Structure formats: C-alpha cells, structure tokens
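The file target.cif comes next; it holds mmCIF, C-alpha atoms.
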data_final
loop_
_atom_site.group_PDB
_atom_site.id
_atom_site.type_symbol
_atom_site.label_atom_id
_atom_site.label_comp_id
_atom_site.auth_asym_id
_atom_site.auth_seq_id
_atom_site.Cartn_x
_atom_site.Cartn_y
_atom_site.Cartn_z
ATOM 1 C CA MET A 1 7.993 -30.032 -50.753
ATOM 2 C CA ILE A 2 4.682 -28.360 -50.021
ATOM 3 C CA LYS A 3 3.678 -31.272 -47.798
ATOM 4 C CA LYS A 4 6.885 -30.871 -45.790
ATOM 5 C CA ILE A 5 6.263 -27.146 -45.373
ATOM 6 C CA LEU A 6 2.701 -27.764 -44.244
ATOM 7 C CA LYS A 7 3.921 -30.450 -41.858
ATOM 8 C CA TRP A 8 6.430 -28.090 -40.240
ATOM 9 C CA MET A 9 3.850 -25.314 -40.140
ATOM 10 C CA GLY A 10 1.509 -27.702 -38.340
ATOM 11 C CA ILE A 11 4.229 -28.680 -35.882
ATOM 12 C CA GLY A 12 5.072 -25.008 -35.303
ATOM 13 C CA LEU A 13 1.427 -24.124 -34.744
ATOM 14 C CA GLY A 14 1.039 -27.038 -32.365
ATOM 15 C CA CYS A 15 4.092 -25.920 -30.397
ATOM 16 C CA LEU A 16 2.741 -22.369 -30.229
ATOM 17 C CA VAL A 17 -0.614 -23.594 -28.937
ATOM 18 C CA LEU A 18 1.137 -25.748 -26.339
ATOM 19 C CA ILE A 19 3.256 -22.802 -25.188
ATOM 20 C CA LEU A 20 0.141 -20.613 -24.853
ATOM 21 C CA ILE A 21 -1.657 -23.310 -22.865
ATOM 22 C CA VAL A 22 1.286 -23.709 -20.494
ATOM 23 C CA ALA A 23 1.665 -19.915 -20.161
ATOM 24 C CA TYR A 24 -2.014 -19.471 -19.339
ATOM 25 C CA ALA A 25 -1.885 -22.356 -16.866
ATOM 26 C CA VAL A 26 0.943 -20.555 -15.048
ATOM 27 C CA ILE A 27 -1.015 -17.284 -15.120
ATOM 28 C CA TYR A 28 -4.152 -19.031 -13.860
ATOM 29 C CA PHE A 29 -2.514 -20.702 -10.872
ATOM 30 C CA LYS A 30 -0.435 -17.620 -9.989
ATOM 31 C CA THR A 31 -3.483 -15.347 -10.010
ATOM 32 C CA GLU A 32 -5.582 -17.921 -8.143
ATOM 33 C CA SER A 33 -2.928 -17.979 -5.433
ATOM 34 C CA ARG A 34 -3.077 -14.206 -5.134
ATOM 35 C CA ILE A 35 -6.878 -14.093 -5.205
ATOM 36 C CA ASN A 36 -7.154 -16.740 -2.466
ATOM 37 C CA LYS A 37 -4.408 -15.362 -0.225
ATOM 38 C CA THR A 38 -5.718 -14.618 3.266
ATOM 39 C CA TYR A 39 -4.715 -11.623 5.352
ATOM 40 C CA THR A 40 -4.642 -11.301 9.124
ATOM 41 C CA ILE A 41 -5.353 -7.702 10.081
ATOM 42 C CA ASN A 42 -5.148 -6.007 13.474
ATOM 43 C CA VAL A 43 -8.094 -3.685 12.951
ATOM 44 C CA GLN A 44 -7.901 -0.139 14.286
ATOM 45 C CA LYS A 45 -10.877 0.694 16.487
ATOM 46 C CA ILE A 46 -13.282 3.096 14.768
ATOM 47 C CA ALA A 47 -16.189 4.644 16.645
ATOM 48 C CA VAL A 48 -19.593 4.409 14.962
ATOM 49 C CA THR A 49 -22.384 6.755 16.013
ATOM 50 C CA GLN A 50 -25.778 7.767 14.714
ATOM 51 C CA SER A 51 -25.253 11.492 15.227
ATOM 52 C CA ALA A 52 -26.685 13.773 12.554
ATOM 53 C CA GLU A 53 -23.229 15.241 11.911
ATOM 54 C CA ALA A 54 -21.651 11.815 11.333
ATOM 55 C CA LEU A 55 -24.475 10.663 9.045
ATOM 56 C CA THR A 56 -24.289 13.859 6.983
ATOM 57 C CA GLN A 57 -20.516 13.552 6.577
ATOM 58 C CA GLY A 58 -20.834 9.838 5.807
ATOM 59 C CA GLU A 59 -23.353 10.484 3.047
ATOM 60 C CA HIS A 60 -21.067 13.184 1.629
ATOM 61 C CA LEU A 61 -18.138 10.743 1.577
ATOM 62 C CA VAL A 62 -20.261 8.102 -0.150
ATOM 63 C CA GLN A 63 -21.019 10.653 -2.852
ATOM 64 C CA ILE A 64 -17.506 12.006 -3.469
ATOM 65 C CA LYS A 65 -15.805 8.605 -3.164
ATOM 66 C CA GLY A 66 -17.988 7.097 -5.872
ATOM 67 C CA CYS A 67 -19.496 4.307 -3.779
ATOM 68 C CA ARG A 68 -22.713 4.402 -5.798
ATOM 69 C CA GLU A 69 -20.846 3.864 -9.053
ATOM 70 C CA CYS A 70 -20.161 0.261 -8.032
ATOM 71 C CA HIS A 71 -22.741 -0.440 -5.325
ATOM 72 C CA GLY A 72 -25.790 1.201 -6.922
ATOM 73 C CA GLU A 73 -27.736 4.353 -6.104
ATOM 74 C CA ASP A 74 -29.335 2.686 -3.089
ATOM 75 C CA LEU A 75 -26.050 0.900 -2.179
ATOM 76 C CA GLY A 76 -27.955 -2.340 -2.552
ATOM 77 C CA GLY A 77 -25.312 -3.643 -4.949
ATOM 78 C CA LYS A 78 -25.045 -4.107 -8.704
ATOM 79 C CA ILE A 79 -23.005 -5.721 -11.460
ATOM 80 C CA PHE A 80 -20.656 -2.929 -12.540
ATOM 81 C CA ILE A 81 -18.490 -4.862 -14.995
ATOM 82 C CA ASP A 82 -19.795 -7.644 -17.234
ATOM 83 C CA ASP A 83 -17.431 -8.168 -20.130
ATOM 84 C CA PRO A 84 -16.848 -11.366 -22.137
ATOM 85 C CA GLN A 85 -13.072 -10.926 -21.876
ATOM 86 C CA LEU A 86 -12.612 -9.302 -18.475
ATOM 87 C CA GLY A 87 -15.328 -11.054 -16.512
ATOM 88 C CA ARG A 88 -18.102 -10.094 -14.124
ATOM 89 C CA LEU A 89 -17.396 -7.893 -11.120
ATOM 90 C CA VAL A 90 -20.108 -7.212 -8.578
ATOM 91 C CA GLY A 91 -20.450 -4.391 -6.068
ATOM 92 C CA ALA A 92 -21.829 -5.953 -2.899
ATOM 93 C CA ASN A 93 -25.180 -5.122 -1.347
ATOM 94 C CA LEU A 94 -24.068 -2.915 1.570
ATOM 95 C CA THR A 95 -27.382 -3.012 3.413
ATOM 96 C CA GLN A 96 -28.944 -5.393 5.919
ATOM 97 C CA GLY A 97 -31.539 -6.581 3.408
ATOM 98 C CA ARG A 98 -31.665 -10.036 1.841
ATOM 99 C CA GLY A 99 -28.356 -10.604 0.084
ATOM 100 C CA GLY A 100 -26.708 -7.734 1.982
ATOM 101 C CA ILE A 101 -23.304 -8.153 3.623
ATOM 102 C CA MET A 102 -24.281 -6.058 6.657
ATOM 103 C CA ARG A 103 -26.472 -8.926 7.835
ATOM 104 C CA GLU A 104 -23.189 -10.639 8.786
ATOM 105 C CA TYR A 105 -20.506 -7.947 8.902
ATOM 106 C CA THR A 106 -19.471 -6.645 12.301
ATOM 107 C CA LYS A 107 -17.971 -3.191 12.783
ATOM 108 C CA ALA A 108 -14.500 -4.755 12.646
ATOM 109 C CA ASP A 109 -15.392 -6.595 9.408
ATOM 110 C CA LEU A 110 -16.549 -3.335 7.826
ATOM 111 C CA THR A 111 -13.376 -1.534 8.941
ATOM 112 C CA ARG A 112 -11.295 -4.359 7.475
ATOM 113 C CA ALA A 113 -13.130 -4.150 4.149
ATOM 114 C CA LEU A 114 -13.057 -0.363 3.812
ATOM 115 C CA LYS A 115 -9.605 0.402 5.190
ATOM 116 C CA HIS A 116 -7.744 -2.755 4.190
ATOM 117 C CA GLY A 117 -9.623 -4.162 1.203
ATOM 118 C CA VAL A 118 -10.056 -7.496 2.985
ATOM 119 C CA ARG A 119 -13.357 -9.365 3.090
ATOM 120 C CA LYS A 120 -14.857 -11.194 6.041
ATOM 121 C CA ASP A 121 -13.239 -14.435 4.814
ATOM 122 C CA GLY A 122 -9.780 -12.833 4.954
ATOM 123 C CA LYS A 123 -9.294 -12.651 1.179
ATOM 124 C CA SER A 124 -8.802 -9.475 -0.825
ATOM 125 C CA ALA A 125 -11.864 -7.668 -2.073
ATOM 126 C CA LEU A 126 -11.960 -7.253 -5.859
ATOM 127 C CA LEU A 127 -11.421 -3.811 -7.399
ATOM 128 C CA MET A 128 -12.408 -2.121 -4.129
ATOM 129 C CA PRO A 129 -10.519 1.216 -3.832
ATOM 130 C CA SER A 130 -9.536 0.567 -0.228
ATOM 131 C CA ASP A 131 -6.041 1.892 -0.899
ATOM 132 C CA GLU A 132 -7.774 5.274 -1.251
ATOM 133 C CA TYR A 133 -9.921 4.798 1.869
ATOM 134 C CA ASN A 134 -6.927 3.611 3.868
ATOM 135 C CA SER A 135 -5.808 7.203 4.435
ATOM 136 C CA LEU A 136 -9.181 8.426 5.742
ATOM 137 C CA SER A 137 -9.076 9.864 9.241
ATOM 138 C CA VAL A 138 -10.688 7.959 12.105
ATOM 139 C CA GLU A 139 -13.399 10.611 12.174
ATOM 140 C CA ASP A 140 -14.200 10.298 8.456
ATOM 141 C CA MET A 141 -13.989 6.504 8.455
ATOM 142 C CA GLY A 142 -16.370 6.445 11.417
ATOM 143 C CA ALA A 143 -18.778 8.744 9.569
ATOM 144 C CA LEU A 144 -18.661 6.557 6.464
ATOM 145 C CA MET A 145 -19.320 3.424 8.502
ATOM 146 C CA SER A 146 -22.102 5.151 10.440
ATOM 147 C CA TYR A 147 -23.892 6.038 7.224
ATOM 148 C CA ILE A 148 -23.525 2.533 5.789
ATOM 149 C CA LYS A 149 -24.936 0.975 8.960
ATOM 150 C CA SER A 150 -27.901 3.366 8.800
ATOM 151 C CA LEU A 151 -28.938 2.360 5.272
ATOM 152 C CA ARG A 152 -32.469 1.217 4.546
ATOM 153 C CA PRO A 153 -32.451 -2.555 3.927
ATOM 154 C CA VAL A 154 -32.485 -3.500 0.250
ATOM 155 C CA ASP A 155 -33.436 -7.044 -0.739
ATOM 156 C CA ARG A 156 -31.129 -7.863 -3.652
ATOM 157 C CA GLU A 157 -29.209 -11.056 -4.177
ATOM 158 C CA LEU A 158 -26.396 -10.823 -6.697
ATOM 159 C CA PRO A 159 -24.308 -13.330 -8.667
ATOM 160 C CA GLU A 160 -20.720 -14.199 -7.798
ATOM 161 C CA ASN A 161 -17.698 -12.466 -9.308
ATOM 162 C CA GLU A 162 -16.210 -14.217 -12.328
ATOM 163 C CA ILE A 163 -12.608 -13.676 -13.436
ATOM 164 C CA ARG A 164 -12.132 -14.347 -17.164
ATOM 165 C CA PRO A 165 -8.872 -14.862 -19.122
ATOM 166 C CA LEU A 166 -8.013 -11.275 -20.094
ATOM 167 C CA LEU A 167 -8.554 -10.017 -16.555
ATOM 168 C CA ARG A 168 -6.278 -12.769 -15.239
ATOM 169 C CA VAL A 169 -3.565 -11.794 -17.690
ATOM 170 C CA LEU A 170 -3.865 -8.095 -16.805
ATOM 171 C CA THR A 171 -3.793 -8.945 -13.089
ATOM 172 C CA PHE A 172 -0.762 -11.179 -13.565
ATOM 173 C CA LEU A 173 1.031 -8.307 -15.336
ATOM 174 C CA ASN A 174 -0.111 -5.824 -12.647
ATOM 175 C CA LYS A 175 -1.954 -3.820 -15.299
ATOM 176 C CA PHE A 176 -5.325 -3.954 -13.525
ATOM 177 C CA PRO A 177 -5.933 -3.042 -9.840
ATOM 178 C CA LEU A 178 -7.977 -6.150 -9.057
ATOM 179 C CA LEU A 179 -6.560 -6.919 -5.599
ATOM 180 C CA PRO A 180 -6.418 -3.833 -3.367
ATOM 181 C CA ALA A 181 -5.133 -5.740 -0.328
ATOM 182 C CA GLU A 182 -1.832 -6.230 -2.150
ATOM 183 C CA ARG A 183 -1.244 -2.472 -2.403
ATOM 184 C CA ILE A 184 -1.987 -1.452 1.181
ATOM 185 C CA ASP A 185 0.284 -0.989 4.177
ATOM 186 C CA HIS A 186 -1.866 -2.867 6.687
ATOM 187 C CA THR A 187 0.147 -1.559 9.649
ATOM 188 C CA LYS A 188 -0.729 2.084 8.896
ATOM 189 C CA GLN A 189 -2.830 3.751 11.579
ATOM 190 C CA SER A 190 -5.298 6.487 10.671
ATOM 191 C CA VAL A 191 -4.950 9.945 12.198
ATOM 192 C CA GLN A 192 -7.840 11.007 14.397
ATOM 193 C CA THR A 193 -9.037 13.929 12.294
ATOM 194 C CA VAL A 194 -8.078 16.066 9.306
ATOM 195 C CA LYS A 195 -9.063 19.718 9.426
ATOM 196 C CA SER A 196 -11.214 20.936 6.552
ATOM 197 C CA GLU A 197 -9.439 24.066 5.366
ATOM 198 C CA ILE A 198 -8.309 25.577 2.092
ATOM 199 C CA SER A 199 -4.740 24.295 1.858
ATOM 200 C CA ALA A 200 -2.551 22.063 -0.297
ATOM 201 C CA ASN A 201 -2.235 19.606 2.600
ATOM 202 C CA TYR A 202 -5.994 19.186 2.833
ATOM 203 C CA GLY A 203 -6.095 18.954 -0.961
ATOM 204 C CA GLN A 204 -3.686 16.013 -0.848
ATOM 205 C CA TYR A 205 -5.992 14.280 1.638
ATOM 206 C CA VAL A 206 -9.022 14.766 -0.636
ATOM 207 C CA ALA A 207 -7.118 13.951 -3.849
ATOM 208 C CA THR A 208 -6.314 10.398 -2.762
ATOM 209 C CA GLY A 209 -9.543 9.572 -4.572
ATOM 210 C CA CYS A 210 -7.873 10.586 -7.847
ATOM 211 C CA VAL A 211 -4.930 8.184 -7.511
ATOM 212 C CA GLY A 212 -6.789 5.112 -8.738
ATOM 213 C CA CYS A 213 -7.055 6.556 -12.251
ATOM 214 C CA HIS A 214 -4.430 9.293 -12.416
ATOM 215 C CA ARG A 215 -1.692 7.240 -10.699
ATOM 216 C CA PRO A 216 0.200 8.162 -7.488
ATOM 217 C CA ASN A 217 2.064 10.969 -9.287
ATOM 218 C CA TYR A 218 -1.200 12.324 -10.785
ATOM 219 C CA LYS A 219 0.401 12.339 -14.239
ATOM 220 C CA GLY A 220 -1.934 9.705 -15.703
ATOM 221 C CA GLY A 221 -0.684 7.485 -18.497
ATOM 222 C CA GLU A 222 -1.842 4.388 -20.313
ATOM 223 C CA PRO A 223 -5.492 3.255 -20.254
ATOM 224 C CA LEU A 224 -6.684 1.449 -17.121
ATOM 225 C CA ALA A 225 -7.859 -1.490 -19.249
ATOM 226 C CA PRO A 226 -8.294 -2.376 -22.934
ATOM 227 C CA GLY A 227 -10.923 -0.157 -24.530
ATOM 228 C CA PHE A 228 -10.519 2.605 -21.958
ATOM 229 C CA PRO A 229 -9.099 6.027 -22.949
ATOM 230 C CA PRO A 230 -5.608 7.180 -21.873
ATOM 231 C CA VAL A 231 -5.585 8.848 -18.450
ATOM 232 C CA PRO A 232 -4.712 12.565 -18.570
ATOM 233 C CA ASN A 233 -2.001 14.334 -16.603
ATOM 234 C CA ILE A 234 -3.734 16.510 -13.969
ATOM 235 C CA THR A 235 -0.604 18.260 -12.682
ATOM 236 C CA LYS A 236 0.526 21.697 -13.837
ATOM 237 C CA SER A 237 2.571 20.033 -16.577
ATOM 238 C CA GLY A 238 -0.760 18.944 -18.080
ATOM 239 C CA ASN A 239 -3.831 21.020 -18.931
ATOM 240 C CA LEU A 240 -4.198 22.048 -15.294
ATOM 241 C CA GLY A 241 -1.176 24.308 -15.756
ATOM 242 C CA LYS A 242 -3.266 26.407 -18.132
ATOM 243 C CA TRP A 243 -6.395 26.558 -15.985
ATOM 244 C CA THR A 244 -7.316 29.157 -13.394
ATOM 245 C CA GLU A 245 -8.918 28.099 -10.133
ATOM 246 C CA ASP A 246 -12.335 29.211 -11.427
ATOM 247 C CA GLN A 247 -11.876 27.136 -14.599
ATOM 248 C CA PHE A 248 -10.843 24.100 -12.533
ATOM 249 C CA ILE A 249 -13.911 24.451 -10.311
ATOM 250 C CA HIS A 250 -16.195 24.888 -13.324
ATOM 251 C CA THR A 251 -14.722 21.761 -14.957
ATOM 252 C CA LEU A 252 -15.158 19.548 -11.897
ATOM 253 C CA ARG A 253 -18.703 20.777 -11.305
ATOM 254 C CA THR A 254 -20.050 20.773 -14.864
ATOM 255 C CA GLY A 255 -17.890 18.259 -16.740
ATOM 256 C CA ILE A 256 -17.029 20.903 -19.336
ATOM 257 C CA THR A 257 -13.365 21.868 -19.722
ATOM 258 C CA PRO A 258 -12.131 25.396 -20.541
ATOM 259 C CA GLU A 259 -11.420 24.053 -24.028
ATOM 260 C CA GLY A 260 -15.125 23.242 -24.423
ATOM 261 C CA LYS A 261 -14.793 19.456 -24.134
ATOM 262 C CA LYS A 262 -17.701 17.648 -22.485
ATOM 263 C CA MET A 263 -16.255 14.896 -20.314
ATOM 264 C CA ASP A 264 -17.947 11.488 -20.187
ATOM 265 C CA PRO A 265 -18.709 10.738 -16.517
ATOM 266 C CA LYS A 266 -17.766 7.107 -17.194
ATOM 267 C CA ASP A 267 -14.210 8.278 -17.880
ATOM 268 C CA MET A 268 -14.028 11.290 -15.538
ATOM 269 C CA PRO A 269 -16.491 11.110 -12.619
ATOM 270 C CA TRP A 270 -17.396 14.807 -12.502
ATOM 271 C CA THR A 271 -20.847 13.818 -11.244
ATOM 272 C CA MET A 272 -18.996 12.966 -8.022
ATOM 273 C CA THR A 273 -16.500 15.842 -7.967
ATOM 274 C CA LYS A 274 -19.331 18.331 -8.410
ATOM 275 C CA GLU A 275 -20.309 17.398 -4.850
ATOM 276 C CA PHE A 276 -16.977 18.600 -3.420
ATOM 277 C CA THR A 277 -17.321 21.399 -0.893
ATOM 278 C CA ASP A 278 -15.607 24.706 -1.659
ATOM 279 C CA ASN A 279 -12.843 23.801 0.797
ATOM 280 C CA GLU A 280 -12.320 20.434 -0.876
ATOM 281 C CA ILE A 281 -12.278 21.573 -4.487
ATOM 282 C CA LYS A 282 -10.102 24.649 -3.887
ATOM 283 C CA SER A 283 -7.674 22.594 -1.816
ATOM 284 C CA VAL A 284 -7.369 19.928 -4.523
ATOM 285 C CA TYR A 285 -6.501 22.682 -7.003
ATOM 286 C CA LEU A 286 -3.810 24.051 -4.677
ATOM 287 C CA PHE A 287 -2.371 20.574 -4.141
ATOM 288 C CA LEU A 288 -2.219 19.648 -7.828
ATOM 289 C CA LYS A 289 -0.646 23.019 -8.673
ATOM 290 C CA SER A 290 1.968 22.437 -5.969
ATOM 291 C CA LEU A 291 3.237 19.198 -7.477
ATOM 292 C CA PRO A 292 6.708 19.401 -9.074
ATOM 293 C CA GLU A 293 7.148 19.745 -12.812
ATOM 294 C CA GLU A 294 8.112 16.667 -14.818
ATOM 295 C CA SER A 295 11.873 16.158 -14.982
#

Whole structure, structure tokens version:
Amino acid sequence: MIKKILKWMGIGLGCLVLILIVAYAVIYFKTESRINKTYTINVQKIAVTQSAEALTQGEHLVQIKGCRECHGEDLGGKIFIDDPQLGRLVGANLTQGRGGIMREYTKADLTRALKHGVRKDGKSALLMPSDEYNSLSVEDMGALMSYIKSLRPVDRELPENEIRPLLRVLTFLNKFPLLPAERIDHTKQSVQTVKSEISANYGQYVATGCVGCHRPNYKGGEPLAPGFPPVPNITKSGNLGKWTEDQFIHTLRTGITPEGKKMDPKDMPWTMTKEFTDNEIKSVYLFLKSLPEES
C-alpha cells in the first residue's frame, strides 16, 4: 500500500514539475518576444544647444529625475540591480568615453531613448523611466539632452543586462515595469514649453516623476518587487491630507516626515526631491492636494 502511495506521489510530483517547466517555457518565449520587439518611431525634432541656461536646466533635470541613481554620479554608468532572482540591470554609460553610448548615439537616437524608451537598435530600453520623460516639454527635453551631450567622457565598459527567472515571471504578469516602450504613446508630441509657476497644473507636470512608484493615481499600493516595501498613498486620502505645505516641503527636503519617520532614500528618493525649486515643490503639493478623494 505504501509503495502504491509513494508511486502516485512520484507521478504527481513528476507531473507538477512538467507543468512548471512548460509554464516557464511559455513565460520565457513570451517575454523574449516582448523584449526583442522593435519599434519604429517618428522622432520629434528637439533643439540641442550649449547655452548656459540650457545646461543649468539640464543638470537640474538630471538631479530631480534621478538619472544618477541608475547611471552613476558621473553618468558613466553602473550596475544598479544585481539580484540572483531578478537579474542584472545596467544603467548605460551616457558619456562619449570608452563604453559610452554617446560615441554612437545621434541626437535622434537620444531623443528616441529618452522620450520613447527605445534603444538605437529599435528595442525597448530596460527599466528606463521614459514614460515619465515622455511628457517633458521640448524646451526641457532639449536642456536634458544638451547637458548629456556636454558630459566629460568617462571610460567605463559595463556588462550586459541579464534577465533571470523571477524578473521574467514578474514581467509576464505585468508586475514589474521592465519595458517602458510598451507603456508609451509614441505618437504624442511634446508641447514647446511649460511655464514654471506655483500652480496645480505645473505640479502635475513635475509630479510625473512620482508615477513610477506611486502609480498613475498617486495612491501607491503593493510593493514594486519582492522585498520592496508597500508604496504609500501620497494623495490627501493618505498622510498628505494631514500635512501642511511647510511639513510637505520639510519632508521632501530632509527625508523626515512630520511623524518623525526617517525615510530611506532607497525607498523614497528625497535626496532628489530636496533639489526641487520652490515653484516645483509647492506646485507638487497643490497638485496632490487637488486630487479627488478615494471613492
């Protein structure tokens, strides 16, 4: 009797293993198809200058958009995720040094990468927040590109990206924003300029950088990936509803909440938000406070 039970247990285990192998094979080929999909983009023309004003604004955008978090302090690239389950994700060397993409990227290539999340080879960039950059004005996109093209060359060759099983599964289930090109309206044209003023409208423009973590409704939710903390609600139905403007500004510039909590910059990038101008930070507060209450 025991032998029969063990036999059926073995058969059941074998069937389970076979099912898992088939399921992962489907996931692998489906995600490979998405990763290798090529996009044809009609790139909007963006003027690039070396004016002091453009370079200053470009450097400011690099700081508040978190470019250095993935591409390194010198923007010469770095490995920003190296996990045995997720894989290895690499922020490219953005300079013209050895190993840098700007040795080959034209202005159109750079526009395509920043605004559309599409690499020079036509495939989607990996985990590049281009869906946030897509809404930048022509003026701001030009400033960002101007600053990148002005960077001091950094000689740094980096390894290739590597997608491991858990990351494939999360991508297959649309639980990880690996492929930005899938989420972008590639026909959208950027407006010429956005006026820097203290208003909810300008706050919405600035707060696009918050969407990647806090979701399009800014109400947060489940962790971005296994091991990450839950994402807080930053509308007035969350803690923001209890905070004054001064408390909001203090939180985003010091990383310390009105409740006395010290925020980890790996979870909440206050080291970037502290660089917001007064117009930017006050406008973001107005915008978030203007969002409707949860139904």

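Picture a line from CA of Val206 in chain A to CA of Tyr39 in chain A; it runs 27.4 Å.
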
Output the residue selection produced by the PyMOL selection byres ((chain A and resi 61) around 12) on the file above, formatted as a PDB file with C-alpha atoms, keeping the file's coordinate frame.
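New file result02.pdb:
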ATOM      1  CA  ALA A  54     -21.651  11.815  11.333  1.00  0.00           C
ATOM      2  CA  LEU A  55     -24.475  10.663   9.045  1.00  0.00           C
ATOM      3  CA  THR A  56     -24.289  13.859   6.983  1.00  0.00           C
ATOM      4  CA  GLN A  57     -20.516  13.552   6.577  1.00  0.00           C
ATOM      5  CA  GLY A  58     -20.834   9.838   5.807  1.00  0.00           C
ATOM      6  CA  GLU A  59     -23.353  10.484   3.047  1.00  0.00           C
ATOM      7  CA  HIS A  60     -21.067  13.184   1.629  1.00  0.00           C
ATOM      8  CA  VAL A  62     -20.261   8.102  -0.150  1.00  0.00           C
ATOM      9  CA  GLN A  63     -21.019  10.653  -2.852  1.00  0.00           C
ATOM     10  CA  ILE A  64     -17.506  12.006  -3.469  1.00  0.00           C
ATOM     11  CA  LYS A  65     -15.805   8.605  -3.164  1.00  0.00           C
ATOM     12  CA  GLY A  66     -17.988   7.097  -5.872  1.00  0.00           C
ATOM     13  CA  CYS A  67     -19.496   4.307  -3.779  1.00  0.00           C
ATOM     14  CA  ARG A  68     -22.713   4.402  -5.798  1.00  0.00           C
ATOM     15  CA  TYR A 133      -9.921   4.798   1.869  1.00  0.00           C
ATOM     16  CA  LEU A 136      -9.181   8.426   5.742  1.00  0.00           C
ATOM     17  CA  SER A 137      -9.076   9.864   9.241  1.00  0.00           C
ATOM     18  CA  GLU A 139     -13.399  10.611  12.174  1.00  0.00           C
ATOM     19  CA  ASP A 140     -14.200  10.298   8.456  1.00  0.00           C
ATOM     20  CA  MET A 141     -13.989   6.504   8.455  1.00  0.00           C
ATOM     21  CA  GLY A 142     -16.370   6.445  11.417  1.00  0.00           C
ATOM     22  CA  ALA A 143     -18.778   8.744   9.569  1.00  0.00           C
ATOM     23  CA  LEU A 144     -18.661   6.557   6.464  1.00  0.00           C
ATOM     24  CA  MET A 145     -19.320   3.424   8.502  1.00  0.00           C
ATOM     25  CA  SER A 146     -22.102   5.151  10.440  1.00  0.00           C
ATOM     26  CA  TYR A 147     -23.892   6.038   7.224  1.00  0.00           C
ATOM     27  CA  ILE A 148     -23.525   2.533   5.789  1.00  0.00           C
ATOM     28  CA  VAL A 206      -9.022  14.766  -0.636  1.00  0.00           C
ATOM     29  CA  GLY A 209      -9.543   9.572  -4.572  1.00  0.00           C
ATOM     30  CA  MET A 272     -18.996  12.966  -8.022  1.00  0.00           C
ATOM     31  CA  THR A 273     -16.500  15.842  -7.967  1.00  0.00           C
ATOM     32  CA  GLU A 275     -20.309  17.398  -4.850  1.00  0.00           C
ATOM     33  CA  PHE A 276     -16.977  18.600  -3.420  1.00  0.00           C
ATOM     34  CA  THR A 277     -17.321  21.399  -0.893  1.00  0.00           C
ATOM     35  CA  GLU A 280     -12.320  20.434  -0.876  1.00  0.00           C
TER      36      GLU A 280
END

**OP:** Would you kindly return, as a ChimeraX atom specification, each protein, DNA or RNA residue with an atom no farther than 9 Å from any atom of Ala108 in chain A, considering all atoms listed in the file and excluding same-chain residues fewer than 5 positions away?
**Re:** /A:43-46,113

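Among A:Pro229, A:Pro159, A:Gly260, A:Gly220, the residue with the shortest atom-to-atom distance to Arg88 in chain A, counting all atoms listed in the file, is A:Pro159.
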
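The spacing separating CA of Gly87 in chain A from CA of Glu162 in chain A amounts to 5.3 Å.
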
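Each of A:Arg168, A:Lys195, A:Lys236, A:Lys37 was compared to Leu291 in chain A using only C-alpha atoms, and A:Lys236 turns out to be the nearest.
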
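Straight-line separation from CA of Leu110 in chain A to CA of Val211 in chain A: 22.4 Å.
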
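When only C-alpha atoms are used to measure the gap to Met102 in chain A, the shortest distance among A:Pro153, A:Gly212, A:Gly117, A:Pro129 belongs to A:Pro153.
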
**OP:** Scan for residues within 12 Å of the point (-18.6, -7.4, -19.7) in the coordinates of the file, using all atoms listed in the file, and reply as an NGL selection string.
**Re:** :A and (79-90 or 161-164 or 166-167 or 226-227)

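Nearest to Lys175 in chain A of all the residues A:Arg215, A:Lys266, A:Lys107, A:His71 is A:Arg215, based on only C-alpha atoms.
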
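Distances to Ile35 in chain A were evaluated for A:Leu252, A:Leu170, A:Met263, A:Leu126 using only C-alpha atoms, and the minimum falls at A:Leu126.
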
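Nearest residue to Ile249 in chain A among A:Met268, A:Thr111, A:Tyr285, A:Val231 is A:Tyr285, counting only C-alpha atoms.
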
Original post:
Hey, what comes out of the PyMOL selection byres ((chain A and resi 125) around 8) on this file? Could you write it as a PyMOL selection string?
Top reply: chain A and resi 113+117-119+123-124+126-128+179-181

Original post:
Which residues match the PyMOL selection byres ((chain A and resi 157) around 12) in the file above, as JSON, numbers by chain?
Top reply: {"A": [76, 77, 78, 79, 90, 91, 92, 93, 94, 95, 96, 97, 98, 99, 100, 101, 154, 155, 156, 158, 159, 160]}

Limited to C-alpha atoms, could you put the picked residues into a file as a short mmCIF file (atom, residue, chain, number, x, y, z; two decimals), in the frame of the given file?
data_model
loop_
_atom_site.label_atom_id
_atom_site.label_comp_id
_atom_site.auth_asym_id
_atom_site.auth_seq_id
_atom_site.Cartn_x
_atom_site.Cartn_y
_atom_site.Cartn_z
CA GLY A 76 -27.96 -2.34 -2.55
CA GLY A 77 -25.31 -3.64 -4.95
CA LYS A 78 -25.04 -4.11 -8.70
CA ILE A 79 -23.00 -5.72 -11.46
CA VAL A 90 -20.11 -7.21 -8.58
CA GLY A 91 -20.45 -4.39 -6.07
CA ALA A 92 -21.83 -5.95 -2.90
CA ASN A 93 -25.18 -5.12 -1.35
CA LEU A 94 -24.07 -2.92 1.57
CA THR A 95 -27.38 -3.01 3.41
CA GLN A 96 -28.94 -5.39 5.92
CA GLY A 97 -31.54 -6.58 3.41
CA ARG A 98 -31.66 -10.04 1.84
CA GLY A 99 -28.36 -10.60 0.08
CA GLY A 100 -26.71 -7.73 1.98
CA ILE A 101 -23.30 -8.15 3.62
CA VAL A 154 -32.48 -3.50 0.25
CA ASP A 155 -33.44 -7.04 -0.74
CA ARG A 156 -31.13 -7.86 -3.65
CA LEU A 158 -26.40 -10.82 -6.70
CA PRO A 159 -24.31 -13.33 -8.67
CA GLU A 160 -20.72 -14.20 -7.80
#

Subject >> Protein and nucleic acid residues near (-13.1, 24.6, -20.1) (cut-off 12 Å, all atoms listed in the file) as a ChimeraX atom specification >> reply: /A:239-240,242-263
